[in-house]
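*Asks:* One structure, as structure tokens, below. Some questions next.
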Amino acid sequence: MICGVIVSNRACLKEAGGLTIIGQGIEYSRMIAFEDHFQMSDTKRRKVLEQALSRGGDFAEIYAEYRVYSFINMEEDIIKETAESISLGLGVRVISGEKTGYGYTNDLSFDSISKAALTAASIADSEKTASLPVFQRALPSEDRYPLKRPAHQASLQDKIELVRRAYLSCQKSDPKIKKVKALFQDHVQYVSVVNSEGWAAEDARPQVKLVCTAVAEKNKRKEFGFSGGGGRVGLEYFGQVLSPERIGREAAEEALLLLEAVEAPAGEMPVVLAPGHAGVLVHEAVGHLLEADFNRKKTSIFWDKLGKRVGSPLLTIYDDPTRPSFRGSYNIDDEGTPPSKTLLIDRGVVHSFLQDRLSARLMGRPLTGHARRQDYTCIPIPRMSNTYVDRGQEDPEDILRSVAKGIYAEKFEGGQVEDSGKFTFSISSGYLIEEGRLTAPIKQATLIGTNIDILQKIERVGADLSFGLQTGTCGKEGQEVPVTDGCPTIKISRMTVGGQS
Amino acid sequence: MTETPRADSLLGLAERIVSFGKGCGADEVEATVSDGREFSVDVRQGQIENLVEAGSRYLSFRVIKDMKTAHATSSDLQEETVRRLIRNAVSRAALGSRDECAGLPPLSPEKVDIPSLRLFDPEVPKLEAAKKIHLALETERIALEDKRITNSHGASFITNEVTTVLAGSNGFLGSYNQTFCSLSVGLQAGETDDKVEDYWVSVDRFFKNLESPETVAKKAVERTVRQLQPRKIRTQTVPVIFEPGMTDWLVGFLFACVSAVAVYQKTTFLAGRLGERIGNENITVIDDGLMPGRLGSRPFDSEGVPCRKTSVFEQGVLSRFLCNTYAGRKLKLPTTGNSDGTGVGPNNFYLLPGTVSPQEIIASTERGLVLTRTIGHGLNPVTGDISRGAFGLWVEGGEIAFPVSEVTIAGNLEQILSQVELVGNDLDFRAPVCGPTIRIGALTVAGE
């Protein structure tokens with residue numbers, strides 16, 4: 001039943017081509033997500049929006065979501081557990097000036113939905129009355145999930161087979177691998193948004209993730225390795241792009257490498273970021289602080305720096321929710337806005353912020369399609385999607401050769417930032433650089449810096465852009481959303497490395 | 001304990017899941033249903049920013065057939081959906097593998113007296129929205145009166161009321177009600193390019209025990225402005241004093257390392273080390289689910305096992321791993337009432353306080369760093385390694401000399417536990433996983 005929805009939805013999106021608006025009554029039979037899961041007619045939705053605006057709010061919106069997950073866990077050589085989860089619910093939001101009222105429910109009786117609408121309505125207090133326009137559909141220009149074998153349609157046996165292959169490949173890599181765990185998760189999320197400006201939009205977003213962890217042991221020393229992949233892809237991904245065997249092998253390799261690792265050095269030194277995973281640095285150092293809410297409230301150090309130089313002219317950064325199949329991509333954002341590739345930093349100069357409706361209106365800026373929410377219980381806020389540093393000119397080998405003594409940051413556990421611009425990111429594995437060459441592998445270490453300082457210390461940018469693992473999740477104000485990060489080889493002239501030696 | 005009609009209808013649903021699951025051929029079934037009410041208001045610069053109010057219900061269950069387990073959760077509680085999920089789970093279980101340790105715990109004859117745990121404050125559901133909004137507004141207003149504060153992340157007041165019911169095919173049937181409320185404010189001081197920030201939050205189950213807007217505001221202001229004009233320091237190895245909020249994450253990391261799930265999976269450096277001395281005599285760590293009114297208290301865990309008090313470290317010796325039924329069977333240890341859904345979770349998990357005051361700890365430190373905040377991840381339970389971004393206050397001659405920013409601390413949990421020189425008397429259970437001020441003999445602080 002569910003698969004049918006995706007296929008027809010995708011077909012419909014493809015027919016449309018370009019940002020298309022289809023008038024009320026023409027395409028409503030296609031609004032399958034709403035009809036199937038939310039059983040709300042057009043009339044009912046109008047009624048709810050009218051209730052939401054009954055206290056004089058400026059804007060009202062219904063966000064409905066239906067998500068079906070599956071999960072498989074293999075450890076100790078057995079398929080230990082499987083799970084199926086359903087998340088169904090709806091939220092009503094009302095904006096009045098700068099204020100937001102929100103009510104949500106997972107009981108989809110009309111009474112409960114009305115109650116949520118009236119709760120949200122109470123944020124406003126004016127005499128204003130609204131008349132709702134005719135609903136129109138906003139459609140994205142293209143489908144960002146070009147998949148062949150949707151995971152939610154595949155049999156559980158097929159998914160178990162993927163898990164088993166990753167597990168065995170990891171286990172067989174080396175006798176020092178003592179413990180392996182492989183996890184598979186997929187979900188499909190149907191989203192439907194309709195607002196008091198008359199816009200309606202839907203999305204059906206697939207998401208797949210296969211990860212493997214390994215513990216290697218030698219002379220009582222134990223180390224941990226991780227790898228994984230996925231995205232908004234079908235199961236064909238594991239045949240064409242990244243095999244389960246490779247995921248298993250890479251997890252084992254990281255754990256084995258760390259068995260030989262030395263303590264990371266402590267103090268300030270040159271840092272070379274490996275292409276791909278190191279994009280987490282710009283996610284933390286730049287991305288979060290360019291989210292519009294922090295700038296509208298002037299808590300971000302970037303709020304007064306639009307059009308100003310903050311970093312090296314070698315540095316250009318984009319956030320792009322439109323990259324096909326990427327974990328952080330979407331056809332519409334969680335306010336129904338078709339997203340666009342957004343230039344954040346243009347050769348060192350702040351070019352734009354990541355916007356949601358509220359901030360864009362209050363700041364007088366155009367929408368970028370970056371409003372996201374964890375689920376229907378949450379208010380949408382500006383978020384990143386797929387964030388990356390654009391490729392530069394240099395040969396990565398030359399970059400490495402320019403470092404006499406420093407570290408090469410290869411794999412990352414994650415990072416964190418605060419509005420003042422102080423940020424960290426933690427490497428899970430890397431190497432010492434000595435006389436322009438990679439020498440000993442190093443253990444985990446946290447690096448810390450202040451963003452504008454570090455952005456100015458970006459000395460060289462390679463021509464080898466790539467993206468990190470398709471397994472990342474970003475948390476902000478308690479809301480988690482899937483993201484990816486990418487970058488080419490980058491040299492930072494000096495940064496504080498938190499090792500022990 | 002079925003004190004409200006709400007609990008009654010939830011119990012009915014949980015029991016129906018169990019009986020329908022058995023009817024579909026499951027050997028064992030366990031179902032949890034929860035009903036939550038949430039209110040939250042964020043205010044900023046004297047205005048309401050967000051107001052959220054909602055009620056929602058969730059269910060989760062597991063079925064075991066032929067020693068094979070399948071789980072499901074749903075926020076869609078319609079009978080038809082629930083039945084479909086149960087049928088799917090029973091047929092999915094057949095595709096899993098036989099696992100000798102799978103299954104529900106035996107029904108315990110012990111019962112915890114729920115009212116004596118004081119988990120529910122009848123005043124919380126009765127609080128008027130206007131009063132809650134006023135408390136948040138007051139907190140921010142008082143904080144902004146301090147001219148050193150240059151911007152606000154806003155203040156929030158949040159309440160939650162949760163009813164949890166659990167039914168199992170082993171005959172268990174139980175429910176309890178809880179309340180939580182919190183008042184917080186986040187602040188910035190300094191100019192755009194020299195900002196510092198921090199926050200303070202008061203959380204309690206009982207409204208009357210919450211700190212006043214004055215106290216929350218004052219603490220947030222104090223924590224923020226003390227960081228103004230920080231310096232960077234040289235890379236060095238020095239004594240480090242952890243404030244209680246910092247000991248909290250260290251104790252949280254320790255919890256991850258004594259979880260029996262991590263132990264049988266060999267993802268903790270403490271695997272296989274029961275009975276060994278890990279820390280010095282200052283390390284006594286307890287998990288206790290039965291402390292009246294505390295945030296981590298509950299009458300039974302998510303498998304219906306009565307909660308209890310467990311010594312995890314006794315004067316430095318690792319005495320117990322915290323278990324759910326499954327991990328306990330794996331390790332041939334009894335469950336400790338720490339089941340948390342599909343894994344192991346803490347109840348009130350804390351480092352036993354000592355007798356010195358935090359002021360005395362600082363005064364007795366010749367040179368060192370008071371750790372006030374950390375950012376980033378950098379905790380590895382497999383090795384015990386720690387590496388985090390840090391902020392703090394430099395101590396010189398027993399006195400706070402200046403704030404320190406943009407450094408990292410690095411060390412290993414096992415080494416840290418053997419070097420806890422002083423333990424403060426200031427444990428206040430502000431969080432379910434917590435500890436008092438402590439001083440570590442030496443940690444690497446990386447700076448310039």
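Letters A, B, ... mark the chains of the structure tokens in the order given; residue numbers begin at 1 per chain; ligand numbers begin at 1, in order shown.
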Mind listing the strand (DSSP E or B) residues of stretch 38-68 of chain A, per DSSP on the backbone, as a PyMOL selection string?
*Replies:* chain A and resi 59-68
*Asks:* So that I have them on file, write out the residues from the current selection with C-alpha atoms, as a compact mmCIF listing (two decimals), in the first residue's frame.
*Replies:*
```txt
# COMPACT_ATOMS: atom_id res chain seq x y z
CA PHE A 59 -0.40 32.78 9.62
CA ALA A 60 -1.53 29.23 10.29
CA GLU A 61 -0.27 25.88 9.08
CA ILE A 62 -1.09 22.19 9.46
CA TYR A 63 1.84 19.77 9.33
CA ALA A 64 0.90 16.11 9.16
CA GLU A 65 3.39 13.29 9.24
CA TYR A 66 3.28 9.52 8.90
CA ARG A 67 6.47 7.55 9.23
CA VAL A 68 7.10 3.82 9.12
```
*Asks:* For chain B, work out the contacting residues on chain A at 6 Å, counting only C-alpha atoms, and write them as a PyMOL selection string.
*Replies:* chain A and resi 78-79+81-88+99-106+266-268+301+415-416+420+424+426+445-446+448+498+500
*Asks:* Could you name the residues that touch B:Ala220 at 8 Å or less, counting only C-alpha atoms, but leaving out those on the same chain fewer than 3 positions away, as an NGL selection string?
*Replies:* :B and (143 or 185-187 or 198-200 or 216-217 or 223-224)
*Asks:* Produce a file of the selected residues containing N, CA and C atoms, as a PDB file, in the first residue's frame.
*Replies:*
```
ATOM      1  N   ALA B 143      17.248  38.809  34.950  1.00  0.00           N
ATOM      2  CA  ALA B 143      18.593  38.578  34.404  1.00  0.00           C
ATOM      3  C   ALA B 143      19.053  39.773  33.577  1.00  0.00           C
ATOM      4  N   VAL B 185      17.046  29.922  31.956  1.00  0.00           N
ATOM      5  CA  VAL B 185      17.338  31.107  31.142  1.00  0.00           C
ATOM      6  C   VAL B 185      18.769  30.991  30.602  1.00  0.00           C
ATOM      7  N   GLY B 186      18.950  31.399  29.329  1.00  0.00           N
ATOM      8  CA  GLY B 186      20.272  31.380  28.684  1.00  0.00           C
ATOM      9  C   GLY B 186      20.678  32.802  28.342  1.00  0.00           C
ATOM     10  N   LEU B 187      21.934  33.154  28.599  1.00  0.00           N
ATOM     11  CA  LEU B 187      22.362  34.547  28.468  1.00  0.00           C
ATOM     12  C   LEU B 187      23.678  34.676  27.702  1.00  0.00           C
ATOM     13  N   ASP B 198      26.220  31.326  28.850  1.00  0.00           N
ATOM     14  CA  ASP B 198      25.926  30.180  29.710  1.00  0.00           C
ATOM     15  C   ASP B 198      24.450  30.244  30.087  1.00  0.00           C
ATOM     16  N   TYR B 199      23.999  29.307  30.876  1.00  0.00           N
ATOM     17  CA  TYR B 199      22.589  29.267  31.252  1.00  0.00           C
ATOM     18  C   TYR B 199      22.469  28.648  32.627  1.00  0.00           C
ATOM     19  N   TRP B 200      21.265  28.681  33.171  1.00  0.00           N
ATOM     20  CA  TRP B 200      20.977  27.942  34.397  1.00  0.00           C
ATOM     21  C   TRP B 200      19.579  27.372  34.280  1.00  0.00           C
ATOM     22  N   VAL B 216      17.257  31.597  39.683  1.00  0.00           N
ATOM     23  CA  VAL B 216      17.647  31.095  38.357  1.00  0.00           C
ATOM     24  C   VAL B 216      18.368  32.209  37.593  1.00  0.00           C
ATOM     25  N   ALA B 217      17.807  33.425  37.623  1.00  0.00           N
ATOM     26  CA  ALA B 217      18.404  34.551  36.902  1.00  0.00           C
ATOM     27  C   ALA B 217      19.791  34.858  37.445  1.00  0.00           C
ATOM     28  N   ARG B 223      27.121  32.808  36.149  1.00  0.00           N
ATOM     29  CA  ARG B 223      27.853  31.825  35.340  1.00  0.00           C
ATOM     30  C   ARG B 223      28.306  32.438  34.016  1.00  0.00           C
ATOM     31  N   THR B 224      27.530  33.387  33.489  1.00  0.00           N
ATOM     32  CA  THR B 224      27.870  33.994  32.197  1.00  0.00           C
ATOM     33  C   THR B 224      28.984  35.033  32.360  1.00  0.00           C
TER      34      THR B 224
END
```
*Asks:* Have a look at A:Leu465, A:Ala409, A:Leu118, A:Val134 and name the one nearest to A:Val48; count only C-alpha atoms.
*Replies:*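 The closest residue to A:Val48 is A:Leu118.
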*Asks:* Quick one: residues within 9 Å of A:Glu418, only C-alpha atoms counted, chain neighbours fewer than 5 positions away excluded, as a list in words?
*Replies:*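 Once the adjacent positions are removed, what remains is Glu284, His288, Leu289, Ser300 and Phe423 of chain A; Glu197 and Ile375 of chain B.
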*Asks:* Nearest residue to B:Asn280 out of B:Ser418, B:Thr215, B:Thr372, B:Thr355, using only C-alpha atoms?
*Replies:*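 Smallest distance to B:Asn280 is found for B:Ser418.
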*Asks:* Determine which residues of stretch 123-300 of chain B receive a DSSP assignment of alpha helix (DSSP H), computed from the backbone, and state them as a PyMOL selection string.
*Replies:* chain B and resi 123-126+129-144+213-225+244-258+260-264
*Asks:* Contacts of A:Gly287 at 9 Å or less, counting only C-alpha atoms, minus same-chain residues fewer than 5 places along, as a VMD selection string?
*Replies:* chain A and resid 282 317 319 344 353 to 354 383 to 384 387
*Asks:* Neighbours of B:Val420 within 12 Å (only C-alpha atoms; same-chain residues fewer than 2 positions away dropped), as a PyMOL selection string?
*Replies:* chain B and resi 239-242+247+250+278-284+315-316+351+354+361+413-418+422-424+436-443
*Asks:* Could those residues be written to a file, using C-alpha atoms, as an mmCIF file, in the first residue's frame?
*Replies:*
```cif
data_model
loop_
_atom_site.group_PDB
_atom_site.id
_atom_site.type_symbol
_atom_site.label_atom_id
_atom_site.label_comp_id
_atom_site.auth_asym_id
_atom_site.auth_seq_id
_atom_site.Cartn_x
_atom_site.Cartn_y
_atom_site.Cartn_z
ATOM 1 C CA PRO B 239 44.994 19.585 38.797
ATOM 2 C CA VAL B 240 41.476 20.078 37.435
ATOM 3 C CA ILE B 241 38.456 20.868 39.633
ATOM 4 C CA PHE B 242 35.158 19.691 38.163
ATOM 5 C CA THR B 247 31.081 15.801 37.401
ATOM 6 C CA LEU B 250 31.891 12.313 33.976
ATOM 7 C CA ILE B 278 39.466 0.833 39.455
ATOM 8 C CA GLY B 279 39.355 4.112 41.382
ATOM 9 C CA ASN B 280 40.730 5.327 44.683
ATOM 10 C CA GLU B 281 38.902 5.209 48.026
ATOM 11 C CA ASN B 282 36.982 8.395 47.166
ATOM 12 C CA ILE B 283 34.963 6.622 44.491
ATOM 13 C CA THR B 284 31.684 5.236 45.779
ATOM 14 C CA GLN B 315 35.580 2.834 47.736
ATOM 15 C CA GLY B 316 37.125 2.373 44.318
ATOM 16 C CA LEU B 351 28.956 9.742 43.078
ATOM 17 C CA GLY B 354 32.410 13.978 50.591
ATOM 18 C CA ILE B 361 38.617 22.643 47.364
ATOM 19 C CA LEU B 413 38.501 7.624 32.908
ATOM 20 C CA GLU B 414 40.388 4.895 34.752
ATOM 21 C CA GLN B 415 43.296 7.232 35.487
ATOM 22 C CA ILE B 416 40.882 9.971 36.522
ATOM 23 C CA LEU B 417 39.048 7.679 38.954
ATOM 24 C CA SER B 418 42.330 6.768 40.620
ATOM 25 C CA LEU B 422 38.914 15.657 46.935
ATOM 26 C CA VAL B 423 35.153 15.140 46.806
ATOM 27 C CA GLY B 424 32.839 18.038 47.648
ATOM 28 C CA PRO B 436 29.496 16.867 43.574
ATOM 29 C CA THR B 437 32.548 19.080 42.960
ATOM 30 C CA ILE B 438 35.705 16.945 42.649
ATOM 31 C CA ARG B 439 39.410 17.611 42.168
ATOM 32 C CA ILE B 440 41.450 15.411 39.816
ATOM 33 C CA GLY B 441 45.194 15.255 40.545
ATOM 34 C CA ALA B 442 46.373 15.895 36.989
ATOM 35 C CA LEU B 443 44.888 16.191 33.509
#
```
*Asks:* Would you work out the distance separating atom CA of B:Asn209 from atom CA of B:Asp426, expressed in Å to one decimal?
*Replies:*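 Separating atom CA of B:Asn209 from atom CA of B:Asp426 is a distance of 17.3 Å.
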*Asks:* Could you jot down the atom CA of A:Ser340 to atom CA of A:Tyr237 separation for me, Å, one decimal place?
*Replies:*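 Spanning atom CA of A:Ser340 to atom CA of A:Tyr237 is a straight-line distance of 24.8 Å.
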*Asks:* Can you write out as a tab-separated table which residues of stretch 454-499 of chain A fall within 10 Å of stretch 393-398 of chain A, alongside each residue's closest atom pair and its distance in Å to one decimal, counting only C-alpha atoms and ordering rows by chain and ascending residue number?
*Replies:*
```
residue	atom	partner	partner_atom	distance
A:Arg460	CA	A:Glu394	CA	7.2
A:Val461	CA	A:Glu394	CA	6.1
A:Gly462	CA	A:Glu394	CA	4.4
A:Ala463	CA	A:Gln393	CA	4.9
A:Asp464	CA	A:Pro396	CA	7.2
A:Pro488	CA	A:Pro396	CA	8.5
A:Thr489	CA	A:Pro396	CA	6.0
A:Ile490	CA	A:Pro396	CA	8.3
A:Lys491	CA	A:Pro396	CA	9.6
```
*Asks:* Using the selection just defined, write its residues with C-alpha atoms as a compact mmCIF listing (two decimals), in the first residue's frame.
*Replies:*
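Here's the written file part-v8.txt:
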```txt
# COMPACT_ATOMS: atom_id res chain seq x y z
CA ARG A 460 45.13 25.80 1.34
CA VAL A 461 42.11 24.11 -0.25
CA GLY A 462 42.44 20.99 -2.41
CA ALA A 463 40.68 20.09 -5.63
CA ASP A 464 39.44 16.78 -4.21
CA PRO A 488 38.16 18.82 -0.03
CA THR A 489 41.60 18.51 1.61
CA ILE A 490 42.08 21.67 3.70
CA LYS A 491 45.06 23.01 5.60
```
*Asks:* Which one of A:Pro206, A:Leu290, A:Glu459, A:Ala278 sits closest to A:Phe425 if you count only C-alpha atoms?
*Replies:*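 Closest candidate: A:Ala278.
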*Asks:* If we count only C-alpha atoms, what is near B:Gly397 at a cut-off of 10 Å, once residues fewer than 4 positions away on the same chain are taken out, given as an mmCIF file with C-alpha atoms, in the first residue's frame?
*Replies:*
```cif
data_model
loop_
_atom_site.group_PDB
_atom_site.id
_atom_site.type_symbol
_atom_site.label_atom_id
_atom_site.label_comp_id
_atom_site.auth_asym_id
_atom_site.auth_seq_id
_atom_site.Cartn_x
_atom_site.Cartn_y
_atom_site.Cartn_z
ATOM 1 C CA ILE B 362 39.554 25.777 45.419
ATOM 2 C CA ALA B 363 41.348 27.324 48.407
ATOM 3 C CA SER B 364 43.499 24.214 48.802
ATOM 4 C CA THR B 365 44.592 24.260 45.147
ATOM 5 C CA GLU B 366 47.868 26.042 44.434
ATOM 6 C CA ARG B 367 47.515 26.106 40.629
ATOM 7 C CA GLY B 368 44.931 24.489 38.421
ATOM 8 C CA ALA B 401 42.575 34.369 38.922
#
```
